[in-house]
Structure formats: structure tokens, C-alpha cells
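Structure file model_11.txt with compact mmCIF, C-alpha atoms:
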# COMPACT_ATOMS: atom_id res chain seq x y z
CA MET I 6 66.86 115.28 113.51
CA THR I 7 68.53 112.55 115.53
CA PHE I 8 69.37 109.42 113.54
CA ASP I 9 67.36 106.39 114.63
CA PRO I 10 69.20 103.05 114.12
CA ALA I 11 65.80 101.35 113.95
CA SER I 12 65.30 103.05 110.58
CA TYR I 13 67.46 100.50 108.77
CA VAL I 14 65.29 98.42 106.44
CA PHE I 15 66.38 94.77 106.26
CA SER I 16 65.56 92.32 103.50
CA GLN I 17 66.47 88.70 102.84
CA PRO I 18 68.41 88.27 99.58
CA THR I 19 68.09 85.00 97.69
CA GLU I 20 71.88 84.60 97.55
CA PRO I 21 74.73 85.44 99.94
CA THR I 22 75.51 89.17 99.96
CA ALA I 23 79.02 90.55 99.53
CA ILE I 24 79.81 92.73 102.55
CA ARG I 25 80.63 96.24 101.34
CA ALA I 26 81.22 99.58 103.04
CA SER I 27 77.50 100.36 103.30
CA THR I 28 76.31 96.85 104.23
CA VAL I 29 74.54 96.71 107.59
CA LEU I 30 74.13 93.30 109.24
CA PRO I 31 71.51 92.50 111.89
CA ALA I 32 72.06 93.67 115.48
CA HIS I 33 70.18 95.16 118.40
CA ARG I 34 70.97 98.87 117.99
CA GLU I 35 69.92 101.60 120.36
CA ASN I 36 70.64 105.25 120.83
CA VAL I 37 72.26 105.80 124.23
CA GLU I 38 73.31 108.70 126.41
CA LEU I 39 76.34 108.84 128.68
CA ARG I 40 76.59 111.16 131.68
CA THR I 41 80.00 112.50 132.67
CA ALA I 42 81.15 113.27 136.19
CA ASP I 43 81.41 116.96 135.25
CA GLY I 44 77.80 117.11 134.11
CA HIS I 45 77.79 116.63 130.34
CA ARG I 46 75.43 114.47 128.32
CA LEU I 47 77.17 112.55 125.54
CA VAL I 48 75.26 110.90 122.70
CA GLY I 49 76.10 107.51 121.28
CA GLU I 50 74.93 104.17 119.93
CA LEU I 51 75.25 100.64 121.27
CA ALA I 52 75.14 97.72 118.84
CA LEU I 53 74.68 94.25 120.35
CA PRO I 54 74.49 90.77 118.83
CA GLU I 55 70.89 89.80 118.03
CA SER I 56 71.32 86.49 119.81
CA GLY I 57 73.89 84.39 121.58
CA GLU I 58 76.73 85.29 123.88
CA ILE I 59 78.36 88.72 123.84
CA LYS I 60 81.98 87.67 123.52
CA ALA I 61 83.66 91.08 123.81
CA THR I 62 82.87 94.79 124.02
CA LEU I 63 84.55 97.59 122.09
CA ILE I 64 84.49 101.06 123.64
CA THR I 65 85.50 103.24 120.71
CA LEU I 66 87.30 106.58 120.98
CA HIS I 67 87.09 108.55 117.76
CA PRO I 68 89.62 110.73 115.88
CA LEU I 69 90.11 114.46 116.46
CA PRO I 70 86.74 116.24 116.31
CA THR I 71 88.31 119.50 115.16
CA HIS I 72 89.50 117.64 112.04
CA GLY I 73 86.32 115.73 111.24
CA GLY I 74 86.50 112.85 113.73
CA PHE I 75 83.28 111.61 115.31
CA MET I 76 81.49 108.42 116.30
CA ASP I 77 80.69 107.68 112.63
CA SER I 78 84.32 107.73 111.48
CA HIS I 79 84.29 104.93 108.95
CA VAL I 80 86.19 102.14 110.73
CA TYR I 81 83.95 102.44 113.79
CA ARG I 82 80.81 102.64 111.68
CA LYS I 83 81.82 99.43 109.87
CA ALA I 84 82.60 97.78 113.21
CA SER I 85 79.06 98.50 114.39
CA TYR I 86 77.60 97.30 111.07
CA ARG I 87 79.46 93.97 111.08
CA LEU I 88 80.97 92.79 114.33
CA PRO I 89 77.83 92.07 116.36
CA ALA I 90 76.67 89.61 113.66
CA LEU I 91 80.01 88.24 112.45
CA ALA I 92 81.84 87.94 115.77
CA GLY I 93 79.39 88.35 118.67
CA ILE I 94 81.03 91.64 119.65
CA ALA I 95 79.22 94.63 121.18
CA VAL I 96 80.24 98.03 119.81
CA LEU I 97 79.77 101.24 121.79
CA ARG I 98 80.31 104.43 119.79
CA PHE I 99 79.81 107.95 121.13
CA ASN I 100 80.66 111.56 120.42
CA THR I 101 83.11 113.12 122.85
CA ARG I 102 82.20 116.49 124.34
CA GLY I 103 81.23 119.13 121.79
CA THR I 104 81.25 116.65 118.89
CA SER I 105 78.37 116.31 116.39
CA SER I 106 77.22 113.51 114.07
CA PRO I 107 73.89 112.37 112.62
CA ARG I 108 73.21 110.83 116.05
CA GLY I 109 73.30 114.30 117.60
CA THR I 110 75.67 116.62 119.47
CA SER I 111 77.32 115.88 122.79
CA GLN I 112 77.25 118.65 125.36
CA GLY I 113 80.33 120.65 126.24
CA SER I 114 83.19 121.72 124.01
CA PHE I 115 86.48 120.25 122.85
CA GLU I 116 89.06 120.38 125.67
CA GLU I 117 92.27 119.21 123.97
CA GLY I 118 92.05 115.80 125.63
CA ILE I 119 91.91 117.10 129.21
CA GLY I 120 88.20 117.22 130.01
CA GLU I 121 87.74 114.23 127.73
CA ARG I 122 89.03 112.10 130.59
CA TYR I 123 85.49 112.26 131.97
CA ASP I 124 84.13 111.11 128.61
CA VAL I 125 86.32 107.99 128.65
CA GLU I 126 85.32 107.26 132.24
CA ALA I 127 81.62 107.71 131.43
CA ALA I 128 81.79 105.34 128.46
CA VAL I 129 83.56 102.64 130.43
CA GLN I 130 81.16 103.03 133.35
CA PHE I 131 78.22 102.74 130.96
CA ALA I 132 79.59 99.44 129.67
CA VAL I 133 80.11 98.21 133.23
CA ASP I 134 76.60 99.24 134.28
CA ARG I 135 75.11 97.43 131.28
CA GLY I 136 76.99 94.27 132.21
CA LEU I 137 78.89 94.18 128.93
CA PRO I 138 81.77 91.69 129.22
CA ASN I 139 85.42 91.60 128.10
CA ARG I 140 85.72 95.36 127.66
CA TRP I 141 88.42 96.88 125.41
CA LEU I 142 89.26 100.47 124.55
CA VAL I 143 89.75 101.05 120.83
CA GLY I 144 91.30 104.41 120.03
CA TRP I 145 91.91 105.95 116.62
CA SER I 146 94.28 108.91 116.19
CA PHE I 147 93.13 111.41 118.88
CA GLY I 148 91.26 108.50 120.44
CA THR I 149 94.59 106.71 120.98
CA GLU I 150 95.74 109.66 123.04
CA LEU I 151 92.71 109.29 125.29
CA ALA I 152 93.24 105.54 125.62
CA LEU I 153 96.91 105.98 126.52
CA MET I 154 96.36 108.90 128.87
CA TYR I 155 93.43 107.47 130.81
CA GLY I 156 93.23 103.72 130.20
CA ALA I 157 95.94 102.51 132.56
CA THR I 158 95.00 104.47 135.67
CA GLY I 159 92.03 105.07 137.97
CA ALA I 160 88.67 103.39 137.63
CA VAL I 161 89.10 102.74 133.90
CA ALA I 162 92.13 100.50 134.46
CA GLY I 163 90.16 98.11 136.62
CA ALA I 164 87.32 97.83 134.12
CA ILE I 165 89.08 97.02 130.83
CA GLU I 166 91.06 94.09 129.48
CA GLY I 167 93.37 96.17 127.31
CA ALA I 168 93.45 98.59 124.39
CA ILE I 169 93.89 98.64 120.64
CA LEU I 170 95.39 101.73 119.04
CA LEU I 171 94.87 102.75 115.40
CA SER I 172 97.28 105.34 113.96
CA PRO I 173 98.67 106.72 117.24
CA PRO I 174 100.24 110.18 116.74
CA LEU I 175 101.71 110.36 120.27
CA HIS I 176 101.18 114.11 120.41
CA ARG I 177 99.33 114.49 123.71
CA ALA I 178 100.26 111.08 125.12
CA THR I 179 103.80 111.18 126.48
CA ASP I 180 106.44 108.79 127.74
CA VAL I 181 104.85 109.15 131.17
CA HIS I 182 101.67 107.55 129.85
CA LEU I 183 103.60 104.84 128.04
CA LYS I 184 105.38 103.97 131.27
CA GLU I 185 101.99 103.76 133.01
CA TRP I 186 100.92 101.21 130.39
CA ALA I 187 104.16 99.31 130.94
CA ALA I 188 103.37 99.07 134.65
CA PHE I 189 99.70 98.30 133.91
CA GLY I 190 100.71 95.18 132.03
CA LYS I 191 97.45 94.57 130.17
CA PRO I 192 97.50 94.01 126.39
CA LEU I 193 98.24 96.94 124.09
CA LYS I 194 97.90 96.30 120.35
CA VAL I 195 99.20 99.11 118.12
CA LEU I 196 98.36 99.25 114.40
CA VAL I 197 100.58 101.70 112.53
CA PRO I 198 100.04 102.55 108.84
CA GLU I 199 103.11 102.44 106.63
CA HIS I 200 102.29 105.90 105.24
CA ASP I 201 100.98 107.51 108.42
CA ASP I 202 101.11 111.31 108.49
CA TYR I 203 102.36 111.48 112.08
CA LEU I 204 104.06 108.30 113.29
CA GLN I 205 105.28 105.55 110.99
CA PRO I 206 106.13 101.97 111.97
CA ALA I 207 109.86 102.31 112.66
CA ALA I 208 109.38 105.39 114.83
CA ALA I 209 106.39 103.80 116.54
CA ALA I 210 108.43 100.72 117.45
CA GLU I 211 111.04 102.98 119.01
CA ARG I 212 108.55 105.03 121.01
CA PHE I 213 106.53 102.02 122.20
CA ALA I 214 109.68 100.23 123.33
CA LEU I 215 108.82 101.82 126.69
CA VAL I 216 105.94 99.31 126.83
CA PRO I 217 107.75 95.97 126.49
CA HIS I 218 104.56 93.96 126.09
CA ALA I 219 103.07 96.25 123.40
CA ASP I 220 102.43 94.50 120.08
CA VAL I 221 103.32 97.07 117.40
CA VAL I 222 102.19 96.04 113.91
CA GLY I 223 103.09 97.99 110.79
CA VAL I 224 100.49 97.75 108.03
CA ASP I 225 101.94 97.96 104.54
CA GLY I 226 100.27 100.42 102.19
CA ALA I 227 97.90 101.89 104.78
CA LYS I 228 97.47 105.58 105.58
CA HIS I 229 96.40 107.41 108.74
CA LEU I 230 92.68 107.25 107.92
CA TRP I 231 92.65 103.58 106.81
CA VAL I 232 90.81 104.52 103.62
CA GLY I 233 89.73 101.59 101.46
CA GLU I 234 87.92 98.38 102.28
CA LYS I 235 91.19 96.44 102.23
CA TYR I 236 92.58 98.45 105.14
CA ALA I 237 89.33 98.84 107.09
CA GLY I 238 88.89 95.07 106.83
CA ARG I 239 92.43 94.50 108.06
CA VAL I 240 91.73 96.65 111.12
CA LEU I 241 88.54 94.76 111.95
CA ASN I 242 90.29 91.41 111.56
CA GLU I 243 93.08 92.54 113.90
CA ILE I 244 90.59 93.81 116.47
CA VAL I 245 88.62 90.56 116.49
CA ALA I 246 91.76 88.46 116.77
CA GLU I 247 92.91 90.54 119.75
CA VAL I 248 89.71 90.71 121.80
CA LEU I 249 88.14 87.29 121.37
CA PRO I 250 89.26 84.58 123.75
CA GLY I 251 91.49 82.28 121.76
CA GLY I 252 91.25 84.68 118.83
CA SER I 253 93.25 84.09 115.69
CA ALA I 254 94.19 86.02 112.58
CA ALA I 255 91.48 84.28 110.52
CA GLU I 256 89.67 86.78 108.31
CA LEU I 257 86.07 87.74 108.92
CA PRO I 258 83.64 86.43 106.30
CA GLY I 259 83.28 88.53 103.18
CA HIS I 260 79.71 87.39 102.51
CA TRP I 261 76.53 87.13 104.61
CA SER I 262 73.61 84.79 104.06
CA GLY I 263 71.06 86.47 106.33
CA PRO I 264 69.04 89.70 106.21
CA VAL I 265 70.90 92.86 105.22
CA ALA I 266 70.29 96.58 105.04
CA THR I 267 72.10 99.38 103.27
CA ALA I 268 73.32 102.50 105.04
CA HIS I 269 72.96 105.80 103.24
CA ALA I 270 75.45 108.61 103.84
Mind turning the file's structure into C-alpha cells?
Amino acid sequence: MTFDPASYVFSQPTEPTAIRASTVLPAHRENVELRTADGHRLVGELALPESGEIKATLITLHPLPTHGGFMDSHVYRKASYRLPALAGIAVLRFNTRGTSSPRGTSQGSFEEGIGERYDVEAAVQFAVDRGLPNRWLVGWSFGTELALMYGATGAVAGAIEGAILLSPPLHRATDVHLKEWAAFGKPLKVLVPEHDDYLQPAAAAERFALVPHADVVGVDGAKHLWVGEKYAGRVLNEIVAEVLPGGSAAELPGHWSGPVATAHA
């Protein structure tokens, strides 16, 4: 059964609520479908602020689906739970081809990052067609490969403001793609866990030296999957500071005074 985001049950606590991993804040949430140029239907969810200006849009690219990555990978799930309400940010999550989650299964099959080019293009085009402003790619692990390989060229390049990379392994993305980002010139924020399984901060700084404007940030204590509220919160703070006009490193609130719901795994 396809998960319906309208199934969240909100209540109004008498006191401010501490924001935890399962806390869902108010937003307009809808199940969406993306159509790729090669004929696949991809399933996803769009979370929008309930009111006020949409200040930025995150187009999220999830970790490797053959190793458990999908649109509900925890950092992206928490982004959709929190950022529309706390920062006025729209969050588009979707399953790349052949990937399943409670939302459903996207058509096609995993193509090692090659056919997924069409998935990236479809997601960006969806955001353009919906009039969502200030669009940023946010890639995590395998998703960083897609952002690096396809973000700085073609139609995608003209439709985004930049990209944020979480735990880039630089397996499929090569120096050729890094040089394309160097020529592209738009912002590239790179968050590298101290204890990453694939690429740690010193090595990342060396590899990303090919992109002189890249902002490579090592995160002490973090691991590839950003497990723990401390590290997930750090990622969300860094994202907000990067994508909001005039953004700063100020932390997102840890409590919420409005209606809340609780997500169940």
C-alpha cells in the first residue's frame, strides 16, 4: 500500500515540543510522480511550507539503492519533516529507477548511475514546472555522484543554483566531472565525515582542489551515514545556511510551539 503523507495526525501540545527524529512539523505534503525522458515513472513526495514564501527548493538524490538507499534515507526524511516549517524550504524526495520505499516503487531498474541521468533531469524539470524557486541539488553518497555527473551540464545546469554533497565517495564521478563543476562556477558545498568509509576530509580536499570554489567541510566525529541526531542536525543546519539568501550558520530551532505529528517506522 502506498504511503499517504496526509495520514499524519497532528495535535497541539500545551508546551513547546522538542524536535526529535520522528517529529513531523506542519507542511503541505503530496505524493508526486516524475516522468523520465526514457519513459519511466518515478514516485516521490513534495513537502512545501504551509504558508509564506518558498525561500529555496531541495532536490534530493538518495544513497545507493543496492545498499539500502531510498527517498526515506533518514537525513532526507528529517529534511522533509522540518525544513518547510522551520526554514520555508521545499523538499522534493523521490526514488530513482528501480528503487522502493513505503511511497512505492519507481519503474525501471538500477543502471549504475548511467540511466539515472534521466531521473535527475526529470526531478529538476518537475521543480521548474511547479515554479519552485532557488533550486539546489542535494546528493548523499551515490546521490553525490549523480549531482556531480549531471548537475553542471545540459538542461540541469541552467535550472539549479548549486549543489550540496553529503559523504561523496567519488567512485563514479571522475576528475572530468569535477572540472565541469570548476567551469560551471556555481556553488558546491561538500560535507565530509571524519570517519567516512570511502573518502575522508584530507583526501576530499585534495580531490576537490580541481574545483577551486568548492567549500569542503570536514565534520568531526561523523560517519558516512550521518547516524545520530547531532550529525543529522549539523547537515540540516549546513544545508539551510547554504541555500537561503543571506544564510548563516545559526542553528535551526530545537523546539516547536505549533502542531506536531509523530512518524512511525
Pick out the residues sitting within 7 Å of Pro192 in chain I, and hand them over as a VMD selection string; count all atoms listed in the file, and ignore anything fewer than 5 positions along from it in its own chain. chain I and resid 167 to 168 219
CA of Arg135 in chain I to CA of Phe189 in chain I, distance in Å rounded to a single decimal: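 Separation between CA of Arg135 in chain I and CA of Phe189 in chain I: 24.7 Å.
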Leaving out Pro174 in chain I and any residue of its chain fewer than 2 positions from it, which residues lie within 6 Å of it when counting all atoms listed in the file, given as a VMD selection string? chain I and resid 176 203 to 204
Keeping only C-alpha atoms, write the selected residues as a PDB file, keeping the file's coordinate frame.
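Contents of result.pdb, as written:
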ATOM      1  CA  HIS I 176     101.180 114.110 120.410  1.00  0.00           C
ATOM      2  CA  TYR I 203     102.360 111.480 112.080  1.00  0.00           C
ATOM      3  CA  LEU I 204     104.060 108.300 113.290  1.00  0.00           C
TER       4      LEU I 204
END
Counting all atoms listed in the file, closest pick from I:Val221, I:Val232, I:Leu249, I:Val80 relative to Leu66 in chain I is I:Val80
Find the spatial neighbours of Val125 in chain I, counting all atoms listed in the file, within a cut-off of 9 Å - ignore same-chain residues fewer than 5 positions away - and output them as a list in words.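 In the requested form, the answer reads Thr41, Ile64, Leu66, Thr101, Gln130, Leu151, Ala152, Tyr155, Gly156 and Val161 of chain I.
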Env of range 177-182 of chain I: 9 Å cut, atoms = only C-alpha atoms, seq-sep filter 5 positions within chain, self excluded. Answer as a short mmCIF file (atom, residue, chain, number, x, y, z; two decimals) with C-alpha atoms, in the coordinates of the input.
data_model
loop_
_atom_site.label_atom_id
_atom_site.label_comp_id
_atom_site.auth_asym_id
_atom_site.auth_seq_id
_atom_site.Cartn_x
_atom_site.Cartn_y
_atom_site.Cartn_z
CA GLU I 117 92.27 119.21 123.97
CA GLY I 118 92.05 115.80 125.63
CA PHE I 147 93.13 111.41 118.88
CA THR I 149 94.59 106.71 120.98
CA GLU I 150 95.74 109.66 123.04
CA LEU I 151 92.71 109.29 125.29
CA ALA I 152 93.24 105.54 125.62
CA LEU I 153 96.91 105.98 126.52
CA MET I 154 96.36 108.90 128.87
CA TYR I 155 93.43 107.47 130.81
CA ALA I 157 95.94 102.51 132.56
CA ALA I 187 104.16 99.31 130.94
CA ARG I 212 108.55 105.03 121.01
CA PHE I 213 106.53 102.02 122.20
CA LEU I 215 108.82 101.82 126.69
#
May I have the residues within 7 Å of Gln112 in chain I as a list in words, using only C-alpha atoms and disregarding those fewer than 3 positions away in the same chain? His45, Arg46, Leu47, Arg102 and Gly103 of chain I
How close does range 57-103 of chain I get to range 233-238 of chain I? List, as JSON lines, each residue of range 57-103 of chain I within 10 Å, its nearest atom pair and the distance in Å to one decimal, counting all atoms listed in the file.
{"residue": "I:His79", "atom": "CA", "partner": "I:Ala237", "partner_atom": "CA", "distance": 8.1}
{"residue": "I:Val80", "atom": "CA", "partner": "I:Ala237", "partner_atom": "CA", "distance": 5.8}
{"residue": "I:Tyr81", "atom": "CA", "partner": "I:Ala237", "partner_atom": "CA", "distance": 9.3}
{"residue": "I:Lys83", "atom": "CA", "partner": "I:Ala237", "partner_atom": "CA", "distance": 8.0}
{"residue": "I:Ala84", "atom": "CA", "partner": "I:Ala237", "partner_atom": "CA", "distance": 9.2}
Return the single residue from I:Lys228, I:Lys184, I:His269, I:Arg140 that is closest to Gly163 in chain I, with distances computed using only C-alpha atoms.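 The shortest atom-to-atom distance to Gly163 in chain I comes from I:Arg140.
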Name the closest residue to Asn36 in chain I among the candidates I:Pro18, I:Pro107, I:Pro206, I:Gly190; distances are taken between atoms, counting all atoms listed in the file. I:Pro107
Listing only residues of range 200-260 of chain I within 10 Å of range 142-145 of chain I, what is the closest atom pair and its distance in Å (to one decimal) for each, using only C-alpha atoms, sorted by chain and residue number ascending, as JSON lines?
{"residue": "I:His229", "atom": "CA", "partner": "I:Trp145", "partner_atom": "CA", "distance": 9.2}
{"residue": "I:Leu230", "atom": "CA", "partner": "I:Trp145", "partner_atom": "CA", "distance": 8.8}
{"residue": "I:Ile244", "atom": "CA", "partner": "I:Val143", "partner_atom": "CA", "distance": 8.5}
Determine the nearest neighbour of Gly49 in chain I from the options I:Leu183, I:Leu97, I:Ala188, I:Val14, counting all atoms listed in the file.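 Of I:Leu183, I:Leu97, I:Ala188, I:Val14, the one nearest Gly49 in chain I is I:Leu97, counting all atoms listed in the file.
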So the first atom is CA of Val197 in chain I and the second is CA of Asp77 in chain I; what is the distance between them in Å, to one decimal place? 20.8 Å
Pick the closest to Val37 in chain I from I:Leu51, I:Ile169, I:Ala132, I:Leu241: which is it, counting all atoms listed in the file?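 Among I:Leu51, I:Ile169, I:Ala132, I:Leu241, it is I:Leu51 that comes nearest to Val37 in chain I.
Here CA of Leu63 in chain I and CA of Thr104 in chain I stand 19.6 Å from one another.
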Of the residues I:Glu55, I:Glu166, I:Glu50, I:Glu35, which is the one nearest to Lys194 in chain I, using only C-alpha atoms?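 With only C-alpha atoms as the atom set, the closest residue is I:Glu166.
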Got a sec to check which residues sit within 8 Å of (98.2, 107.5, 106.1), counting only C-alpha atoms, and write them as an MDAnalysis selection string? chainID I and resid 198:202 227:231
May I have the protein, DNA and RNA residues with an atom at most 8 Å from (89.2, 107.4, 136.8), counting only C-alpha atoms in the file's coordinates, returned as a PDB file with C-alpha atoms, in the coordinates of the input?
ATOM      1  CA  ARG I 122      89.030 112.100 130.590  1.00  0.00           C
ATOM      2  CA  TYR I 123      85.490 112.260 131.970  1.00  0.00           C
ATOM      3  CA  GLU I 126      85.320 107.260 132.240  1.00  0.00           C
ATOM      4  CA  TYR I 155      93.430 107.470 130.810  1.00  0.00           C
ATOM      5  CA  THR I 158      95.000 104.470 135.670  1.00  0.00           C
ATOM      6  CA  GLY I 159      92.030 105.070 137.970  1.00  0.00           C
ATOM      7  CA  ALA I 160      88.670 103.390 137.630  1.00  0.00           C
ATOM      8  CA  VAL I 161      89.100 102.740 133.900  1.00  0.00           C
ATOM      9  CA  ALA I 162      92.130 100.500 134.460  1.00  0.00           C
TER      10      ALA I 162
END
